[in-house]
$ cat run21.cif   # mmCIF, C-alpha atoms and all ligand atoms
data_run
#
loop_
_atom_site.label_atom_id
_atom_site.label_comp_id
_atom_site.auth_asym_id
_atom_site.auth_seq_id
_atom_site.Cartn_x
_atom_site.Cartn_y
_atom_site.Cartn_z
CA ASP L 382 -17.50 2.77 11.42
CA ASP L 383 -18.32 -0.90 11.54
CA SER L 384 -20.58 -2.52 9.02
CA SER L 385 -21.70 -6.00 8.05
CA SER L 386 -22.67 -7.10 4.62
CA GLY L 387 -23.34 -10.19 2.63
CA SER L 388 -25.99 -11.65 4.94
CA ASP L 389 -28.40 -11.84 2.03
CA SER L 390 -26.10 -13.73 -0.33
CA SER L 391 -26.30 -17.49 -0.73
CA SER L 392 -23.87 -19.86 0.93
CA GLY L 393 -22.61 -20.87 -2.50
CA GLY L 394 -21.90 -24.51 -1.70
CA GLY L 395 -24.58 -25.64 0.69
CA GLY L 396 -22.06 -25.84 3.55
CA LYS L 397 -22.01 -23.61 6.59
CA LYS L 398 -21.52 -20.02 5.58
CA ILE L 399 -18.15 -18.50 6.46
CA THR L 400 -18.04 -15.28 8.45
CA LEU L 401 -14.96 -13.17 7.80
CA GLY L 402 -13.99 -10.19 9.93
CA PHE L 403 -11.87 -7.71 7.96
CA ALA L 404 -10.18 -4.79 9.73
CA GLN L 405 -9.12 -2.27 7.09
CA VAL L 406 -6.50 0.47 7.58
CA GLY L 407 -8.69 3.36 6.45
CA SER L 408 -9.50 5.12 3.22
CA GLU L 409 -6.33 7.17 2.93
CA SER L 410 -5.57 6.57 -0.76
CA GLY L 411 -6.92 5.51 -4.14
CA TRP L 412 -5.08 2.24 -3.59
CA ARG L 413 -6.97 1.63 -0.35
CA THR L 414 -10.34 2.42 -1.95
CA ALA L 415 -9.61 -0.16 -4.65
CA ASN L 416 -8.45 -2.67 -2.07
CA THR L 417 -11.64 -2.27 0.00
CA LYS L 418 -13.81 -2.65 -3.08
CA SER L 419 -11.94 -5.79 -4.10
CA VAL L 420 -12.34 -7.36 -0.64
CA LYS L 421 -16.06 -6.52 -0.42
CA GLU L 422 -16.86 -7.78 -3.93
CA ALA L 423 -14.85 -10.96 -3.55
CA ALA L 424 -16.49 -11.76 -0.19
CA LYS L 425 -19.90 -11.29 -1.78
CA ASP L 426 -18.96 -13.47 -4.77
CA ALA L 427 -17.68 -16.17 -2.44
CA GLY L 428 -20.96 -16.04 -0.47
CA TYR L 429 -19.29 -15.16 2.85
CA THR L 430 -20.72 -12.92 5.51
CA LEU L 431 -18.29 -10.02 5.73
CA LYS L 432 -17.87 -7.89 8.81
CA PHE L 433 -15.89 -4.89 7.67
CA SER L 434 -14.39 -2.01 9.62
CA ASP L 435 -12.43 1.10 8.65
CA ALA L 436 -9.85 2.07 11.31
CA GLN L 437 -9.23 5.56 9.92
CA GLN L 438 -5.48 4.86 10.09
CA LYS L 439 -5.56 4.41 13.87
CA GLN L 440 -4.12 1.26 15.42
CA GLU L 441 -6.40 1.45 18.46
CA ASN L 442 -9.46 1.35 16.18
CA GLN L 443 -8.10 -1.70 14.41
CA ILE L 444 -7.41 -3.45 17.70
CA SER L 445 -10.98 -2.83 18.88
CA ALA L 446 -12.35 -4.07 15.55
CA ILE L 447 -10.35 -7.30 15.90
CA ARG L 448 -11.56 -7.67 19.52
CA SER L 449 -15.15 -7.27 18.38
CA TYR L 450 -14.65 -9.96 15.70
CA ILE L 451 -13.32 -12.28 18.39
CA ALA L 452 -16.36 -11.51 20.58
CA GLN L 453 -18.66 -12.19 17.62
CA LYS L 454 -16.89 -15.53 17.02
CA VAL L 455 -16.21 -14.98 13.32
CA ASN L 456 -14.59 -17.93 11.51
CA VAL L 457 -11.55 -16.08 10.18
CA ILE L 458 -10.04 -12.62 10.80
CA ALA L 459 -8.08 -10.77 8.12
CA PHE L 460 -6.48 -7.38 8.54
CA SER L 461 -4.08 -4.96 6.95
CA PRO L 462 -2.03 -3.64 9.88
CA VAL L 463 -1.70 0.16 10.07
CA VAL L 464 1.77 -0.17 11.64
CA VAL L 465 4.14 -3.12 12.13
CA THR L 466 4.42 -3.29 15.93
CA GLY L 467 2.02 -3.73 18.85
CA TRP L 468 -0.18 -6.62 17.72
CA ASP L 469 0.87 -9.51 19.95
CA ALA L 470 -1.71 -9.02 22.73
CA VAL L 471 -4.79 -8.91 20.52
CA LEU L 472 -3.51 -11.68 18.24
CA LYS L 473 -2.96 -13.89 21.30
CA GLU L 474 -6.62 -13.31 22.18
CA ALA L 475 -7.59 -14.49 18.68
CA LYS L 476 -5.37 -17.53 19.02
CA THR L 477 -6.89 -18.42 22.39
CA ALA L 478 -10.33 -18.14 20.78
CA LYS L 479 -9.04 -20.45 17.98
CA ILE L 480 -9.77 -17.90 15.26
CA PRO L 481 -7.15 -17.99 12.50
CA VAL L 482 -5.70 -14.64 11.40
CA ILE L 483 -4.53 -13.71 7.90
CA LEU L 484 -2.42 -10.60 7.25
CA THR L 485 -3.28 -8.84 4.02
CA ASP L 486 -1.15 -6.23 2.26
CA ARG L 487 1.07 -5.31 5.24
CA SER L 488 3.29 -7.34 7.56
CA ILE L 489 3.82 -7.15 11.33
CA GLU L 490 6.80 -7.58 13.63
CA THR L 491 6.26 -10.33 16.16
CA SER L 492 8.38 -12.80 18.08
CA ASP L 493 5.58 -15.38 17.83
CA ASP L 494 4.99 -16.53 14.26
CA SER L 495 2.08 -18.71 15.34
CA LEU L 496 -0.05 -15.58 15.76
CA TYR L 497 -0.99 -15.52 12.08
CA VAL L 498 -1.37 -18.26 9.47
CA SER L 499 -0.46 -16.45 6.28
CA PHE L 500 0.55 -13.10 4.84
CA ILE L 501 -0.66 -12.14 1.38
CA GLY L 502 0.60 -8.98 -0.29
CA SER L 503 3.35 -7.22 -2.20
CA ASP L 504 7.08 -7.24 -1.53
CA PHE L 505 7.60 -3.62 -0.44
CA ILE L 506 11.40 -3.85 -0.16
CA ASP L 507 11.50 -4.93 -3.76
CA GLU L 508 9.19 -2.05 -4.69
CA GLY L 509 11.73 0.35 -3.15
CA ARG L 510 14.53 -1.27 -5.16
CA ARG L 511 12.42 -1.09 -8.31
CA ALA L 512 11.74 2.60 -7.67
CA ALA L 513 15.50 3.28 -7.51
CA LYS L 514 16.12 1.28 -10.68
CA MET L 515 13.31 3.19 -12.34
CA LEU L 516 14.84 6.50 -11.28
CA GLU L 517 18.07 5.47 -13.04
CA LYS L 518 16.10 5.11 -16.28
CA VAL L 519 14.16 8.34 -15.71
CA LEU L 520 17.36 10.33 -15.14
CA GLU L 521 18.93 8.83 -18.22
CA LYS L 522 15.91 9.60 -20.38
CA ALA L 523 15.83 13.18 -19.09
CA GLY L 524 19.53 13.52 -19.91
CA HIS L 525 20.12 14.61 -16.33
CA LYS L 526 23.67 15.63 -15.41
CA GLY L 527 25.05 16.51 -12.02
CA ALA L 528 23.80 16.03 -8.46
CA VAL L 529 20.55 14.22 -7.83
CA LYS L 530 18.83 15.91 -4.89
CA ILE L 531 15.99 13.71 -3.80
CA ALA L 532 12.96 14.58 -1.69
CA GLN L 533 11.27 11.52 -0.21
CA LEU L 534 7.61 11.54 0.77
CA GLU L 535 7.29 8.64 3.18
CA GLY L 536 4.14 6.66 3.89
CA THR L 537 2.56 6.38 7.34
CA THR L 538 5.26 6.29 10.01
CA GLY L 539 5.78 2.75 11.29
CA ALA L 540 3.84 1.12 8.44
CA ALA L 541 5.50 -1.74 6.56
CA PRO L 542 5.24 -0.06 3.13
CA ALA L 543 6.86 3.15 4.46
CA ILE L 544 9.71 1.34 6.20
CA GLU L 545 10.37 -1.12 3.40
CA ARG L 546 9.97 1.19 0.39
CA ALA L 547 12.55 3.50 2.00
CA LYS L 548 14.83 0.55 2.77
CA GLY L 549 14.81 -0.98 -0.72
CA PHE L 550 15.43 2.41 -2.34
CA LYS L 551 18.33 3.19 0.01
CA GLU L 552 19.87 -0.20 -0.60
CA ILE L 553 20.28 0.51 -4.34
CA MET L 554 21.23 4.13 -3.72
CA ASP L 555 24.01 3.20 -1.27
CA ALA L 556 25.31 0.38 -3.42
CA GLU L 557 25.25 2.09 -6.79
CA HIS L 558 24.86 5.86 -6.44
CA LYS L 559 26.66 6.84 -3.27
CA ASP L 560 28.44 9.78 -4.88
CA ASP L 561 25.76 11.30 -7.06
CA TRP L 562 22.39 10.69 -5.33
CA LYS L 563 21.37 12.21 -2.01
CA VAL L 564 18.07 12.21 -0.14
CA VAL L 565 18.10 15.82 1.04
CA VAL L 566 14.68 15.81 2.76
CA SER L 567 12.43 12.97 3.88
CA GLN L 568 9.21 13.18 5.82
CA THR L 569 5.88 11.41 6.11
CA GLY L 570 2.87 12.55 4.10
CA ASP L 571 0.79 9.75 5.66
CA PHE L 572 -0.06 8.24 2.24
CA THR L 573 -2.62 11.01 1.60
CA ARG L 574 -2.93 13.67 -1.09
CA ALA L 575 -3.32 16.43 1.50
CA GLY L 576 -0.20 15.19 3.30
CA GLY L 577 1.82 15.07 0.07
CA LYS L 578 0.74 18.57 -0.85
CA GLN L 579 1.55 20.09 2.51
CA VAL L 580 4.89 18.38 3.04
CA MET L 581 6.08 19.06 -0.51
CA ALA L 582 5.29 22.77 -0.07
CA ALA L 583 7.53 22.80 3.01
CA PHE L 584 10.26 20.83 1.18
CA LEU L 585 10.29 23.40 -1.63
CA GLN L 586 10.67 26.20 0.90
CA SER L 587 13.57 24.61 2.74
CA ASN L 588 15.23 22.97 -0.29
CA PRO L 589 14.38 24.86 -3.49
CA ASP L 590 17.06 22.91 -5.40
CA ILE L 591 15.33 19.50 -5.13
CA ASN L 592 15.29 17.88 -8.56
CA VAL L 593 13.76 14.48 -7.82
CA LEU L 594 10.73 13.36 -5.81
CA TYR L 595 10.38 9.78 -4.64
CA ALA L 596 6.85 9.37 -3.23
CA HIS L 597 5.88 6.16 -1.44
CA ASN L 598 2.48 6.31 -3.16
CA ASP L 599 0.71 8.01 -6.05
CA ASP L 600 -1.65 10.02 -3.87
CA MET L 601 1.20 11.83 -2.14
CA ALA L 602 2.84 12.44 -5.55
CA LEU L 603 -0.46 13.88 -6.82
CA GLY L 604 -0.68 16.21 -3.82
CA ALA L 605 2.98 17.18 -4.28
CA ILE L 606 2.37 18.03 -7.95
CA GLN L 607 -0.06 20.75 -6.83
CA SER L 608 2.61 22.32 -4.61
CA ILE L 609 5.30 22.03 -7.31
CA GLU L 610 3.03 23.83 -9.78
CA ALA L 611 2.11 26.44 -7.18
CA ALA L 612 5.83 27.11 -6.75
CA GLY L 613 6.07 27.83 -10.48
CA LYS L 614 7.93 24.61 -11.36
CA LYS L 615 7.11 21.86 -13.82
CA PRO L 616 6.46 18.43 -12.31
CA GLY L 617 8.05 15.71 -14.45
CA LYS L 618 10.61 18.20 -15.85
CA ASP L 619 12.08 20.53 -13.21
CA ILE L 620 11.37 17.87 -10.63
CA LEU L 621 11.42 14.26 -11.85
CA ILE L 622 8.85 12.11 -10.04
CA VAL L 623 8.78 8.39 -9.27
CA SER L 624 5.98 6.89 -7.18
CA VAL L 625 4.40 3.60 -6.17
CA ASP L 626 0.90 2.07 -6.65
CA GLY L 627 -0.36 2.63 -10.21
CA VAL L 628 -3.82 4.01 -9.45
CA LYS L 629 -5.74 5.54 -12.35
CA ASP L 630 -5.10 9.16 -11.32
CA GLY L 631 -1.39 8.33 -11.15
CA PHE L 632 -1.53 6.99 -14.70
CA VAL L 633 -3.41 10.10 -15.86
CA ALA L 634 -0.68 12.33 -14.35
CA MET L 635 1.95 10.15 -15.98
CA SER L 636 0.28 10.37 -19.39
CA GLU L 637 0.30 14.17 -18.96
CA GLY L 638 4.05 14.03 -18.33
CA LYS L 639 3.79 15.04 -14.66
CA ILE L 640 4.94 11.72 -13.17
CA ASN L 641 7.95 10.00 -14.78
CA GLY L 642 7.62 6.45 -13.51
CA ILE L 643 5.33 4.29 -11.38
CA VAL L 644 6.11 1.04 -9.60
CA GLU L 645 2.91 -0.96 -9.51
CA CYS L 646 1.49 -2.32 -6.25
CA ASN L 647 -1.62 -4.40 -6.77
CA PRO L 648 -4.55 -3.71 -4.38
CA LEU L 649 -6.89 -6.30 -5.92
CA LEU L 650 -6.26 -8.90 -3.25
CA GLY L 651 -9.90 -9.88 -2.67
CA PRO L 652 -10.27 -13.03 -4.80
CA GLN L 653 -6.99 -14.57 -3.60
CA LEU L 654 -7.85 -13.69 -0.01
CA MET L 655 -11.23 -15.44 -0.22
CA GLU L 656 -9.60 -18.64 -1.53
CA LEU L 657 -7.17 -18.48 1.34
CA VAL L 658 -9.98 -17.90 3.86
CA LYS L 659 -11.76 -21.01 2.59
CA LYS L 660 -8.65 -23.17 2.94
CA VAL L 661 -7.87 -21.82 6.39
CA ASN L 662 -11.47 -22.36 7.49
CA ASP L 663 -11.30 -25.95 6.19
CA GLY L 664 -8.19 -26.51 8.29
CA GLU L 665 -5.89 -26.92 5.29
CA THR L 666 -2.22 -25.99 5.52
CA VAL L 667 -1.58 -22.79 3.58
CA GLU L 668 1.50 -20.97 2.33
CA ARG L 669 3.00 -18.66 4.97
CA ARG L 670 3.80 -15.95 2.43
CA ILE L 671 1.92 -15.23 -0.79
CA LYS L 672 3.48 -12.49 -2.92
CA THR L 673 1.50 -10.59 -5.51
CA LYS L 674 2.98 -9.93 -8.95
CA GLU L 675 3.42 -6.42 -10.32
CA GLY L 676 4.86 -4.37 -13.19
CA ASP L 677 6.85 -1.15 -13.72
CA PHE L 678 5.61 1.67 -15.94
CA LEU L 679 7.34 4.62 -17.60
CA GLN L 680 5.68 7.55 -19.38
CA GLU L 681 5.73 5.94 -22.82
CA GLN L 682 3.57 3.09 -21.51
CA ALA L 683 1.17 5.29 -19.55
CA LYS L 684 -1.20 6.32 -22.34
CA GLU L 685 -1.41 2.82 -23.70
CA ALA L 686 -1.97 1.21 -20.30
CA LEU L 687 -4.47 3.80 -19.02
CA PRO L 688 -7.67 2.32 -20.54
CA THR L 689 -6.87 -1.13 -19.17
CA ARG L 690 -6.10 -0.03 -15.60
CA LYS L 691 -8.49 -1.75 -13.22
CA TYR L 692 -8.07 0.56 -10.23
O1 LIG H 701 -0.06 -0.83 2.14
C1 LIG H 701 -0.16 -0.38 0.83
C2 LIG H 701 -0.09 1.11 0.79
O2 LIG H 701 -1.10 1.69 1.58
C3 LIG H 701 -0.33 1.74 -0.56
O3 LIG H 701 0.80 1.76 -1.37
C4 LIG H 701 -0.77 3.11 -0.18
O4 LIG H 701 -1.31 3.86 -1.22
C5 LIG H 701 -1.74 2.71 0.85
O5 LIG H 701 -2.25 3.72 1.56
#

$ encode --input "run21.cif" --output "structure tokens" --more "lines below"
Ligand code: AHR
Amino acid sequence: DDSSSGSDSSSGGGGKKITLGFAQVGSESGWRTANTKSVKEAAKDAGYTLKFSDAQQKQENQISAIRSYIAQKVNVIAFSPVVVTGWDAVLKEAKTAKIPVILTDRSIETSDDSLYVSFIGSDFIDEGRRAAKMLEKVLEKAGHKGAVKIAQLEGTTGAAPAIERAKGFKEIMDAEHKDDWKVVVSQTGDFTRAGGKQVMAAFLQSNPDINVLYAHNDDMALGAIQSIEAAGKKPGKDILIVSVDGVKDGFVAMSEGKINGIVECNPLLGPQLMELVKKVNDGETVERRIKTKEGDFLQEQAKEALPTRKY
């Protein structure tokens, strides 16, 4: 589903209007919906022509979208890679066509760093570490004693946030909780509510003694909550829940006591991306890595923060 927009907005500065091709992952989560909205609004505000595509979480769709942007000779290409590997060929085509590429939100693995000019987004390894540190606090607050049996709902297999959120969490777990914490089940729920619901139901069947859920995003936690309740257990009490993102529905669940802690991941990358696009288009040297800043939230902050949440 390809679409163009912004052709009716003014050029904003009298200069030649910038055309940006943006290849989005999909619309798998509340986070992604907010991210798409931010990119579209910011492109409009900047007066760029935006060519936008939704890859429905399939790498081959994203590759064809990028190819079509190259064929259309856009000025800059930005994309949020579904998975980390397999981009070199298409990015070489962009380089040959002299179209600069910006990675947004997610990183790639490549042996050729010249294939993209900048990467703007969160530090997912740190988010994983923060989730583990948050779990320490949650367990303490709940007065939890004894073994911590963790179920992990992973994001899309092969995606940077899934790999890195697992890695950062494990790092803290191995270093500080080797004897008392154990991930007893871990599987992908593809960052979707339906995935979280389905996988959590299976987890509860195979491991009814799980007492913690670490979900790589709020949507999967929200889906899992449905299965926990269906199994006659109380989310946030019988099973303590920590997730990542900070979307509104996540905050609502947290203010109801069903999620215990959320590590924020900011999807509102649009305005910063548009500034970067301008600089890159003007041939300026830009920072290779731009990290977004985020917060951590526990239940006591949820109600207060809810009205001010922007996504
Ligand atoms: O890449 C960011 C992740 O992708 C978000 O945390 C998740 O909700 C989304 O689908």

$ atom_distance --input "run21.cif" --atom1 "CA of Met515 in chain L" --atom2 "CA of Pro616 in chain L"
16.7 Å

$ closest_residue --input "run21.cif" --among "L:Ile483, L:Ile544, L:Ile606, L:Val625" --to "ligand LIG 701 (chain H)" --atoms "only C-alpha atoms and all ligand atoms"
L:Val625

$ closest_residue --input "run21.cif" --among "L:Val465, L:Ala556, L:Met635, L:Val593" --to "Asp486 in chain L" --atoms "only C-alpha atoms"
L:Val465

$ closest_residue --input "run21.cif" --among "L:Val457, L:Ala523, L:Val565, L:Val628" --to "ligand LIG 701 (chain H)" --atoms "only C-alpha atoms and all ligand atoms"
L:Val628

$ residues_near_ligand --input "run21.cif" --ligand "ligand LIG 701 (chain H)" --cutoff "6 Å" --atoms "only C-alpha atoms and all ligand atoms" --output "ChimeraX atom specification"
/L:409-410,412-413,486-487,542,572,598,626

$ closest_residue --input "run21.cif" --among "L:Gln680, L:Thr666, L:Asn416, L:Thr673" --to "Ser499 in chain L" --atoms "all atoms listed in the file"
L:Thr666

$ residues_around --input "run21.cif" --residues "Pro481 in chain L" --least-positions-apart "3" --cutoff "9 Å" --atoms "only C-alpha atoms" --output "number ranges by chain"
L: 456-459, 475-476, 478, 496-498, 661-662

$ closest_residue --input "run21.cif" --among "L:Ala415, L:Ile480, L:Leu650, L:Ile622" --to "Ile591 in chain L" --atoms "only C-alpha atoms"
L:Ile622

$ closest_residue --input "run21.cif" --among "L:Lys615, L:Arg448, L:Lys398, L:Lys629" --to "Lys425 in chain L" --atoms "all atoms listed in the file"
L:Lys398

$ axis_aligned_box --input "run21.cif" --around "range 685-689 of chain L" --padding-each-side "3 Å" --output "JSON"
{"center_x": -4.5, "center_y": 1.3, "center_z": -21.4, "size_x": 12.3, "size_y": 10.9, "size_z": 10.7}

$ closest_atom_pairs --input "run21.cif" --of "range 575-658 of chain L" --to "range 528-538 of chain L" --cutoff "7 Å" --atoms "all atoms listed in the file" --output "Markdown table"
| residue | atom | partner | partner_atom | distance |
| --- | --- | --- | --- | --- |
| L:Gly577 | CA | L:Leu534 | CA | 6.8 |
| L:Ile591 | CA | L:Lys530 | CA | 5.0 |
| L:Asn592 | CA | L:Lys530 | CA | 5.5 |
| L:Val593 | CA | L:Ile531 | CA | 4.7 |
| L:Leu594 | CA | L:Ala532 | CA | 4.8 |
| L:Tyr595 | CA | L:Gln533 | CA | 4.8 |
| L:Ala596 | CA | L:Leu534 | CA | 4.6 |
| L:His597 | CA | L:Glu535 | CA | 5.4 |

$ residues_near_point --input "run21.cif" --point "(-3.8, -4.1, -13.2)" --cutoff "9 Å" --atoms "all atoms listed in the file" --output "ChimeraX atom specification"
/L:627-628,645-649,675-676,689-692

$ residues_around --input "run21.cif" --residues "Ser434 in chain L" --least-positions-apart "6" --cutoff "12 Å" --atoms "only C-alpha atoms" --output "ChimeraX atom specification"
/L:382-386,401-408,417,420-421,442-450,458-461

$ residues_around --input "run21.cif" --residues "Asp507 in chain L" --least-positions-apart "4" --cutoff "10 Å" --atoms "all atoms listed in the file" --output "number ranges by chain"
L: 503, 511-513, 545-546, 548-550, 644

$ write_last_selection --input "run21.cif" --atoms "C-alpha atoms" --output "PDB file, in the coordinates of the input"
ATOM      1  CA  SER L 503       3.350  -7.220  -2.200  1.00  0.00           C
ATOM      2  CA  ARG L 511      12.420  -1.090  -8.310  1.00  0.00           C
ATOM      3  CA  ALA L 512      11.740   2.600  -7.670  1.00  0.00           C
ATOM      4  CA  ALA L 513      15.500   3.280  -7.510  1.00  0.00           C
ATOM      5  CA  GLU L 545      10.370  -1.120   3.400  1.00  0.00           C
ATOM      6  CA  ARG L 546       9.970   1.190   0.390  1.00  0.00           C
ATOM      7  CA  LYS L 548      14.830   0.550   2.770  1.00  0.00           C
ATOM      8  CA  GLY L 549      14.810  -0.980  -0.720  1.00  0.00           C
ATOM      9  CA  PHE L 550      15.430   2.410  -2.340  1.00  0.00           C
ATOM     10  CA  VAL L 644       6.110   1.040  -9.600  1.00  0.00           C
TER      11      VAL L 644
END

$ atom_distance --input "run21.cif" --atom1 "CA of Val580 in chain L" --atom2 "CA of Gln568 in chain L"
7.3 Å
